[in-house]
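Structure, as structure tokens:
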Amino acid sequence: MLYWLIKFINNYRQYVILALLILFSLFLLTLNDSNRITNLRKLSFVVYGLIDYLKSPLDDFFYYKKENERLRRENTELTKELLELKKYDIERDELYNLLNFKKTNSASFITSRIVLKSVDVVGTKFVLDKGAEDGVHVNSIVLTPSGLVGYVSDLSDHYSIVHSIANYNVRISVINQRTGAIGILSWDGEKFKVYNVNKSSDVKEGDIFTTSQFSSQFPSGIPVLKVTSAFRETELLFYDITGTPTSDLVRINYCIIMKPNQFNEKINFTFEK
Amino acid sequence: MSNRYFLPVFVLSVLLILQLTLVELISYENFKPDLLLIGLIYYTLKFGQIEGIVSAFVFGLLFDLLSNGVIGASSISKVIATFIAGYFADTENNRVEISTNLFAIIFFVALVERITYILVAVNLDFKSLLIVLVQFGLIPAAVTLVFSLFILLMPRETELR
């Protein structure tokens, strides 16, 4: 029996090793939510610290190289200055909006810079420059003055990882601010959709969906989506609703973190209607 | 550690670091090459299936841990991908022939790796599957293929065919 087993393993060793490695990987997949694995995952913050350190000179390198090539073609120094000013103008407006948002709300928020935006098959992930030492907690909500960005999924002392709402695995219970129609918001990799909104309810283009009181993860009343199209003519019992997020997930550079113990505070948003 | 193993481990470690830092900085959305996979395929073709899948598991797991990803997803997808790559290995001569076949293998294996990763890591409905397979399967595999052309710059004994 032992001889036969040794002979079998020897003859098919690559398949045996493959099977063992796959089984072990599957075992690891089941452990993803355990505390030990979460602690091990904190190793990634070493990498994010390194990226933060490398990013500035590298960004400058690519940015200025590209900029100079263009300037040579245009042969004018003025254009460069104008572009620079525009860049700072946008950044200033963003910071000004954040400041106003903090002034108009009684809850204390943590303002944070986005160090890295990473697009993965699962969805968009942001790395923020604030962590546990700044008072951030896991499951803290991340916002802009316009609405919801995502939630903190993991953190170290100085950095936190945010899973944005543009994520296949995120489902948010939302409510139409105008009519009270309730649905589930999700991202299909390309568009934001609101599912399960009954055709008997009233939804039209331009409506704002906010987080509902039924959401287990997010406090209610945070703007999430502006409806761009709502079709009733479907074979199903529900609307076909698509929209754009109220927060510009592509352009944001700064955001606000709201601690879980402040979820009951009333917040005034300044999104464009 | 003998020379046979030291160099691949060193190169794969460098590729892992580059994948986690440089690629994140230079990539645009899902146009993201997998430098680590190129290295794993190269060494699998050179040394064979067993060395390939073991290193794919180790470096896949390290990648999952250091990228804050789904632990076990990259290791399983890279193990399966390198196992397939192993069928094309020339273990008798321990060499990789730089030919158009090599790049076809890299593209095919990268595609298999991405598809496996998507199926393992993402909770998808059937309607979104096709879009995701194109966006996060086909495009990254094609970008990986383009980046694998850097192999042509490596010193080699065999001629390009």
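Ordering of the structure tokens sets the chain letters (A, B, ...), residue numbers begin anew at 1 in every chain, and ligands are numbered from 1 in the order given.
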For chain A against chain B, with a cut-off of 6 Å and counting only C-alpha atoms, what is the closest atom pair and its distance in Å to one decimal for every residue that makes the cut, ordered by chain and number, as a tab-separated table?
residue	atom	partner	partner_atom	distance
A:Gln14	CA	B:Ile50	CA	5.6
A:Ile22	CA	B:Ile76	CA	5.7
A:Ser25	CA	B:Gly72	CA	4.7
A:Leu28	CA	B:Gly72	CA	5.3
A:Leu29	CA	B:Gly72	CA	5.1
A:Arg41	CA	B:Leu65	CA	5.1
A:Leu43	CA	B:Leu66	CA	5.6
A:Ser44	CA	B:Leu66	CA	3.9
A:Ile51	CA	B:Thr21	CA	5.6
A:Val119	CA	B:Glu29	CA	5.3
A:Val121	CA	B:Phe136	CA	5.7
A:Val122	CA	B:Val122	CA	5.7
A:Asp188	CA	B:Ser128	CA	6.0
When DSSP is applied to the backbone of this structure, which of region 66-256 of chain A are assigned strand (DSSP E or B)? Write them out as a PyMOL selection string. chain A and resi 110-119+123-128+141-144+147-155+160-167+172-176+182-187+192-195+198+208-211+223-231+238+240-245+254-256
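Taking only C-alpha atoms into account, Leu145 (chain B) lies nearest to B:Ile105 out of the set B:Leu16, B:Ile105, B:Val96, B:Leu40.
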Near Thr246 (chain A), counting only C-alpha atoms, which residues have an atom at most 9 Å away, once you skip same-chain residues fewer than 6 positions from it, shown as a list of chain:residue names? A:Ser146, A:Gly147, A:Leu148, A:Val149, A:Ile208, A:Pro223, A:Val224, A:Leu225, A:Lys226, A:Phe271, A:Glu272
Restricting the calculation to only C-alpha atoms: of B:Ile98, B:Leu37, B:Ile84, B:Ala89, which residue gets closest to Pro140 (chain B)?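 For Pro140 (chain B), the nearest of the given residues is B:Leu37.
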For Lys42 (chain A): contacts at 12 Å, only C-alpha atoms, fewer than 4 positions along chain excluded, given as a VMD selection string: (chain A and resid 35 to 38 46 to 49 131 153 to 161) or (chain B and resid 64 to 69)
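Excluding Thr144 (chain B) itself and any same-chain residue fewer than 6 positions from it, the protein and nucleic acid residues within 10 Å of it, counting only C-alpha atoms, are Phe31, Lys32, Pro33, Asp34, Leu35, Leu36, Leu37, Ile38, Phe103, Ile106, Phe107, Ala110, Leu111 and Leu138 of chain B.
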When DSSP is applied to the backbone of this structure, which of region 18-148 of chain B are assigned helix (DSSP H, G or I)? Write them out as a CSV table (one decimal) with N, CA and C atoms, in the first residue's frame.
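Dumped everything to states08.csv:
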chain,number,residue,atom,x,y,z
B,18,LEU,N,8.0,45.8,-8.0
B,18,LEU,CA,7.6,46.7,-9.1
B,18,LEU,C,6.1,46.6,-9.3
B,19,GLN,N,5.6,45.4,-9.3
B,19,GLN,CA,4.1,45.2,-9.5
B,19,GLN,C,3.3,46.0,-8.5
B,20,LEU,N,3.8,46.0,-7.3
B,20,LEU,CA,3.0,46.6,-6.2
B,20,LEU,C,3.2,48.1,-6.1
B,22,LEU,N,5.5,50.4,-8.8
B,22,LEU,CA,5.6,51.1,-10.1
B,22,LEU,C,4.4,51.0,-10.9
B,23,VAL,N,3.9,49.7,-11.0
B,23,VAL,CA,2.8,49.4,-11.9
B,23,VAL,C,1.5,50.2,-11.4
B,24,GLU,N,1.4,50.2,-10.1
B,24,GLU,CA,0.2,51.0,-9.5
B,24,GLU,C,0.3,52.5,-9.9
B,25,LEU,N,1.5,53.0,-10.0
B,25,LEU,CA,1.7,54.4,-10.3
B,25,LEU,C,1.5,54.7,-11.8
B,26,ILE,N,2.0,53.8,-12.6
B,26,ILE,CA,1.9,54.1,-14.1
B,26,ILE,C,0.7,53.6,-14.8
B,35,LEU,N,3.5,42.2,-14.3
B,35,LEU,CA,4.9,41.9,-14.4
B,35,LEU,C,5.3,40.6,-13.7
B,36,LEU,N,4.7,40.4,-12.5
B,36,LEU,CA,5.0,39.2,-11.8
B,36,LEU,C,4.6,37.9,-12.5
B,37,LEU,N,3.5,38.0,-13.2
B,37,LEU,CA,3.1,36.8,-14.0
B,37,LEU,C,4.0,36.5,-15.2
B,38,ILE,N,4.5,37.6,-15.8
B,38,ILE,CA,5.5,37.4,-16.9
B,38,ILE,C,6.7,36.6,-16.3
B,39,GLY,N,7.2,37.1,-15.2
B,39,GLY,CA,8.3,36.4,-14.6
B,39,GLY,C,8.0,35.0,-14.2
B,40,LEU,N,6.8,34.7,-13.7
B,40,LEU,CA,6.5,33.4,-13.3
B,40,LEU,C,6.4,32.5,-14.5
B,41,ILE,N,5.8,33.0,-15.6
B,41,ILE,CA,5.7,32.2,-16.8
B,41,ILE,C,7.1,31.9,-17.4
B,42,TYR,N,7.9,32.9,-17.4
B,42,TYR,CA,9.3,32.7,-17.9
B,42,TYR,C,10.0,31.6,-17.2
B,43,TYR,N,10.0,31.7,-15.8
B,43,TYR,CA,10.7,30.7,-15.0
B,43,TYR,C,10.0,29.3,-15.1
B,44,THR,N,8.7,29.3,-15.3
B,44,THR,CA,8.0,28.0,-15.4
B,44,THR,C,8.5,27.3,-16.7
B,45,LEU,N,8.5,28.1,-17.8
B,45,LEU,CA,9.0,27.6,-19.1
B,45,LEU,C,10.4,27.1,-19.0
B,46,LYS,N,11.2,27.7,-18.2
B,46,LYS,CA,12.6,27.4,-18.1
B,46,LYS,C,12.8,26.2,-17.2
B,47,PHE,N,12.2,26.1,-16.0
B,47,PHE,CA,12.5,25.1,-15.0
B,47,PHE,C,11.4,24.0,-14.9
B,49,GLN,N,7.0,22.6,-14.5
B,49,GLN,CA,5.7,22.8,-13.9
B,49,GLN,C,5.8,22.9,-12.4
B,50,ILE,N,6.6,22.0,-11.7
B,50,ILE,CA,6.6,22.0,-10.3
B,50,ILE,C,7.2,23.2,-9.7
B,51,GLU,N,8.4,23.6,-10.2
B,51,GLU,CA,9.0,24.9,-9.7
B,51,GLU,C,8.1,26.1,-9.9
B,52,GLY,N,7.4,26.0,-11.1
B,52,GLY,CA,6.5,27.1,-11.5
B,52,GLY,C,5.3,27.3,-10.6
B,53,ILE,N,4.7,26.1,-10.3
B,53,ILE,CA,3.4,26.3,-9.5
B,53,ILE,C,3.8,26.6,-8.0
B,54,VAL,N,4.9,26.1,-7.5
B,54,VAL,CA,5.3,26.4,-6.1
B,54,VAL,C,5.6,27.9,-6.0
B,55,SER,N,6.4,28.4,-6.9
B,55,SER,CA,6.8,29.8,-6.9
B,55,SER,C,5.5,30.7,-7.1
B,56,ALA,N,4.6,30.2,-8.0
B,56,ALA,CA,3.4,31.0,-8.2
B,56,ALA,C,2.6,31.1,-7.0
B,57,PHE,N,2.5,30.0,-6.2
B,57,PHE,CA,1.7,30.0,-5.0
B,57,PHE,C,2.3,31.0,-4.0
B,58,VAL,N,3.7,30.9,-3.8
B,58,VAL,CA,4.3,31.7,-2.8
B,58,VAL,C,4.2,33.2,-3.2
B,59,PHE,N,4.5,33.5,-4.4
B,59,PHE,CA,4.5,34.9,-4.8
B,59,PHE,C,3.1,35.4,-5.0
B,60,GLY,N,2.2,34.6,-5.4
B,60,GLY,CA,0.8,34.9,-5.4
B,60,GLY,C,0.2,35.3,-4.1
B,61,LEU,N,0.6,34.5,-3.1
B,61,LEU,CA,0.2,34.7,-1.7
B,61,LEU,C,0.8,36.0,-1.2
B,62,LEU,N,2.1,36.2,-1.5
B,62,LEU,CA,2.7,37.5,-1.0
B,62,LEU,C,2.0,38.7,-1.7
B,63,PHE,N,1.7,38.5,-3.0
B,63,PHE,CA,1.0,39.6,-3.7
B,63,PHE,C,-0.3,39.9,-3.0
B,64,ASP,N,-1.1,38.9,-2.7
B,64,ASP,CA,-2.4,39.1,-2.0
B,64,ASP,C,-2.2,39.8,-0.7
B,65,LEU,N,-1.2,39.4,0.1
B,65,LEU,CA,-1.0,40.0,1.4
B,65,LEU,C,-0.6,41.5,1.2
B,66,LEU,N,0.4,41.7,0.3
B,66,LEU,CA,1.0,43.1,0.2
B,66,LEU,C,0.1,44.0,-0.6
B,73,ALA,N,-6.7,34.4,-3.6
B,73,ALA,CA,-7.2,34.6,-5.0
B,73,ALA,C,-6.1,34.6,-6.0
B,74,SER,N,-5.1,35.4,-5.8
B,74,SER,CA,-4.0,35.5,-6.7
B,74,SER,C,-3.2,34.2,-6.7
B,75,SER,N,-3.0,33.6,-5.5
B,75,SER,CA,-2.2,32.4,-5.4
B,75,SER,C,-2.9,31.3,-6.3
B,76,ILE,N,-4.2,31.1,-6.1
B,76,ILE,CA,-4.9,30.1,-6.9
B,76,ILE,C,-4.9,30.3,-8.4
B,77,SER,N,-5.1,31.6,-8.8
B,77,SER,CA,-5.1,31.9,-10.2
B,77,SER,C,-3.7,31.8,-10.8
B,78,LYS,N,-2.7,32.2,-10.1
B,78,LYS,CA,-1.3,32.1,-10.6
B,78,LYS,C,-0.9,30.6,-10.6
B,79,VAL,N,-1.3,29.8,-9.7
B,79,VAL,CA,-0.9,28.4,-9.7
B,79,VAL,C,-1.5,27.7,-10.9
B,80,ILE,N,-2.8,28.0,-11.2
B,80,ILE,CA,-3.4,27.3,-12.3
B,80,ILE,C,-2.8,27.8,-13.6
B,81,ALA,N,-2.5,29.1,-13.7
B,81,ALA,CA,-1.9,29.7,-14.9
B,81,ALA,C,-0.5,29.1,-15.2
B,82,THR,N,0.3,29.0,-14.1
B,82,THR,CA,1.7,28.5,-14.4
B,82,THR,C,1.6,27.0,-14.6
B,83,PHE,N,0.6,26.3,-14.0
B,83,PHE,CA,0.5,24.9,-14.3
B,83,PHE,C,0.3,24.7,-15.8
B,84,ILE,N,-0.6,25.5,-16.4
B,84,ILE,CA,-0.8,25.4,-17.8
B,84,ILE,C,0.5,25.8,-18.6
B,85,ALA,N,1.1,26.8,-18.2
B,85,ALA,CA,2.4,27.3,-18.8
B,85,ALA,C,3.4,26.1,-18.8
B,86,GLY,N,3.4,25.3,-17.7
B,86,GLY,CA,4.4,24.3,-17.5
B,86,GLY,C,4.3,23.2,-18.6
B,100,THR,N,7.6,33.7,-31.4
B,100,THR,CA,6.2,34.2,-31.3
B,100,THR,C,5.4,33.3,-30.5
B,101,ASN,N,5.7,32.0,-30.4
B,101,ASN,CA,5.0,31.1,-29.5
B,101,ASN,C,5.0,31.5,-28.1
B,102,LEU,N,6.2,32.0,-27.7
B,102,LEU,CA,6.3,32.4,-26.3
B,102,LEU,C,5.3,33.5,-25.9
B,103,PHE,N,5.2,34.5,-26.8
B,103,PHE,CA,4.2,35.6,-26.6
B,103,PHE,C,2.8,35.1,-26.6
B,104,ALA,N,2.5,34.1,-27.5
B,104,ALA,CA,1.2,33.6,-27.6
B,104,ALA,C,0.9,32.8,-26.2
B,105,ILE,N,1.9,32.1,-25.7
B,105,ILE,CA,1.7,31.4,-24.4
B,105,ILE,C,1.4,32.5,-23.3
B,106,ILE,N,2.2,33.5,-23.3
B,106,ILE,CA,2.1,34.6,-22.3
B,106,ILE,C,0.7,35.1,-22.3
B,107,PHE,N,0.2,35.5,-23.5
B,107,PHE,CA,-1.2,36.0,-23.6
B,107,PHE,C,-2.2,35.0,-23.1
B,108,PHE,N,-2.1,33.8,-23.6
B,108,PHE,CA,-3.1,32.8,-23.2
B,108,PHE,C,-3.1,32.5,-21.7
B,109,VAL,N,-1.9,32.4,-21.2
B,109,VAL,CA,-1.8,32.1,-19.7
B,109,VAL,C,-2.3,33.3,-18.9
B,110,ALA,N,-1.9,34.6,-19.4
B,110,ALA,CA,-2.4,35.8,-18.7
B,110,ALA,C,-3.9,35.8,-18.7
B,111,LEU,N,-4.5,35.4,-19.8
B,111,LEU,CA,-6.0,35.5,-19.9
B,111,LEU,C,-6.6,34.4,-18.9
B,112,VAL,N,-6.0,33.3,-18.9
B,112,VAL,CA,-6.5,32.2,-18.0
B,112,VAL,C,-6.4,32.7,-16.5
B,113,GLU,N,-5.2,33.3,-16.2
B,113,GLU,CA,-5.0,33.8,-14.9
B,113,GLU,C,-6.0,34.9,-14.5
B,114,ARG,N,-6.3,35.8,-15.4
B,114,ARG,CA,-7.3,36.9,-15.1
B,114,ARG,C,-8.7,36.3,-14.9
B,115,ILE,N,-9.1,35.4,-15.8
B,115,ILE,CA,-10.4,34.8,-15.7
B,115,ILE,C,-10.6,34.0,-14.4
B,116,THR,N,-9.5,33.3,-14.1
B,116,THR,CA,-9.6,32.5,-12.8
B,116,THR,C,-9.8,33.5,-11.6
B,117,TYR,N,-9.0,34.5,-11.7
B,117,TYR,CA,-9.0,35.5,-10.6
B,117,TYR,C,-10.4,36.1,-10.4
B,118,ILE,N,-11.0,36.5,-11.6
B,118,ILE,CA,-12.3,37.1,-11.6
B,118,ILE,C,-13.3,36.2,-11.0
B,119,LEU,N,-13.3,34.9,-11.4
B,119,LEU,CA,-14.3,33.9,-11.0
B,119,LEU,C,-14.1,33.7,-9.5
B,120,VAL,N,-12.9,33.7,-9.0
B,120,VAL,CA,-12.6,33.4,-7.5
B,120,VAL,C,-12.9,34.6,-6.7
B,121,ALA,N,-12.5,35.8,-7.1
B,121,ALA,CA,-12.5,37.0,-6.2
B,121,ALA,C,-13.8,37.8,-6.3
B,126,PHE,N,-24.5,37.0,-13.9
B,126,PHE,CA,-24.2,36.5,-15.2
B,126,PHE,C,-24.1,37.6,-16.2
B,127,LYS,N,-25.0,38.6,-16.0
B,127,LYS,CA,-25.1,39.7,-17.0
B,127,LYS,C,-23.8,40.6,-17.1
B,128,SER,N,-23.2,40.7,-15.9
B,128,SER,CA,-22.0,41.6,-15.9
B,128,SER,C,-20.8,40.8,-16.3
B,129,LEU,N,-20.9,39.5,-16.3
B,129,LEU,CA,-19.7,38.6,-16.5
B,129,LEU,C,-18.9,38.9,-17.7
B,130,LEU,N,-19.7,39.1,-18.9
B,130,LEU,CA,-19.0,39.3,-20.1
B,130,LEU,C,-18.2,40.7,-20.1
B,131,ILE,N,-18.9,41.7,-19.6
B,131,ILE,CA,-18.2,43.0,-19.5
B,131,ILE,C,-16.9,42.9,-18.7
B,132,VAL,N,-17.1,42.2,-17.6
B,132,VAL,CA,-15.9,42.1,-16.7
B,132,VAL,C,-14.8,41.3,-17.3
B,133,LEU,N,-15.2,40.2,-18.0
B,133,LEU,CA,-14.2,39.4,-18.6
B,133,LEU,C,-13.4,40.2,-19.7
B,134,VAL,N,-14.1,41.1,-20.4
B,134,VAL,CA,-13.4,41.9,-21.4
B,134,VAL,C,-12.5,43.0,-20.7
B,135,GLN,N,-13.2,43.7,-19.8
B,135,GLN,CA,-12.5,44.8,-19.1
B,135,GLN,C,-11.3,44.4,-18.2
B,136,PHE,N,-11.6,43.4,-17.4
B,136,PHE,CA,-10.6,43.0,-16.5
B,136,PHE,C,-9.9,41.7,-16.8
B,137,GLY,N,-10.3,41.0,-17.9
B,137,GLY,CA,-9.6,39.8,-18.4
B,137,GLY,C,-8.8,40.0,-19.6
B,138,LEU,N,-9.5,40.4,-20.7
B,138,LEU,CA,-8.9,40.5,-22.0
B,138,LEU,C,-7.9,41.7,-22.0
B,139,ILE,N,-8.3,42.9,-21.5
B,139,ILE,CA,-7.5,44.1,-21.6
B,139,ILE,C,-6.2,43.9,-20.8
B,140,PRO,N,-6.3,43.5,-19.5
B,140,PRO,CA,-5.0,43.4,-18.8
B,140,PRO,C,-4.1,42.3,-19.4
B,141,ALA,N,-4.7,41.2,-20.0
B,141,ALA,CA,-3.9,40.2,-20.6
B,141,ALA,C,-3.2,40.8,-21.8
B,142,ALA,N,-3.8,41.6,-22.6
B,142,ALA,CA,-3.2,42.2,-23.7
B,142,ALA,C,-2.1,43.2,-23.3
B,143,VAL,N,-2.3,43.9,-22.2
B,143,VAL,CA,-1.3,44.9,-21.7
B,143,VAL,C,-0.1,44.1,-21.2
B,144,THR,N,-0.4,42.9,-20.5
B,144,THR,CA,0.7,42.1,-20.0
B,144,THR,C,1.5,41.6,-21.2
B,145,LEU,N,0.8,41.2,-22.3
B,145,LEU,CA,1.5,40.7,-23.5
B,145,LEU,C,2.5,41.8,-24.0
B,146,VAL,N,2.0,43.1,-24.1
B,146,VAL,CA,2.8,44.2,-24.6
B,146,VAL,C,4.0,44.3,-23.7
B,147,PHE,N,3.8,44.3,-22.4
B,147,PHE,CA,5.0,44.5,-21.5
B,147,PHE,C,5.9,43.3,-21.6
B,148,SER,N,5.4,42.1,-22.0
B,148,SER,CA,6.3,40.9,-22.0
B,148,SER,C,7.3,41.1,-23.2
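Put simply, CA of Ile222 (chain A) is 15.2 Å away from CA of Leu249 (chain A).
Distances to Val127 (chain A) were evaluated for A:Cys255, A:Leu99, A:Leu23, A:Ile172 using only C-alpha atoms, and the minimum falls at A:Cys255.
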Extract, using only C-alpha atoms, all DNA, RNA and protein residues at most 6 Å from region 237-240 of chain A, discarding same-chain residues fewer than 2 positions from it, and format them as a PyMOL selection string. chain A and resi 196-199+230-232
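Closest approach to Tyr254 (chain A) from the set A:Gly206, A:Gly180, A:Pro145, A:Gly135 is made by A:Pro145, with distances taken over only C-alpha atoms.
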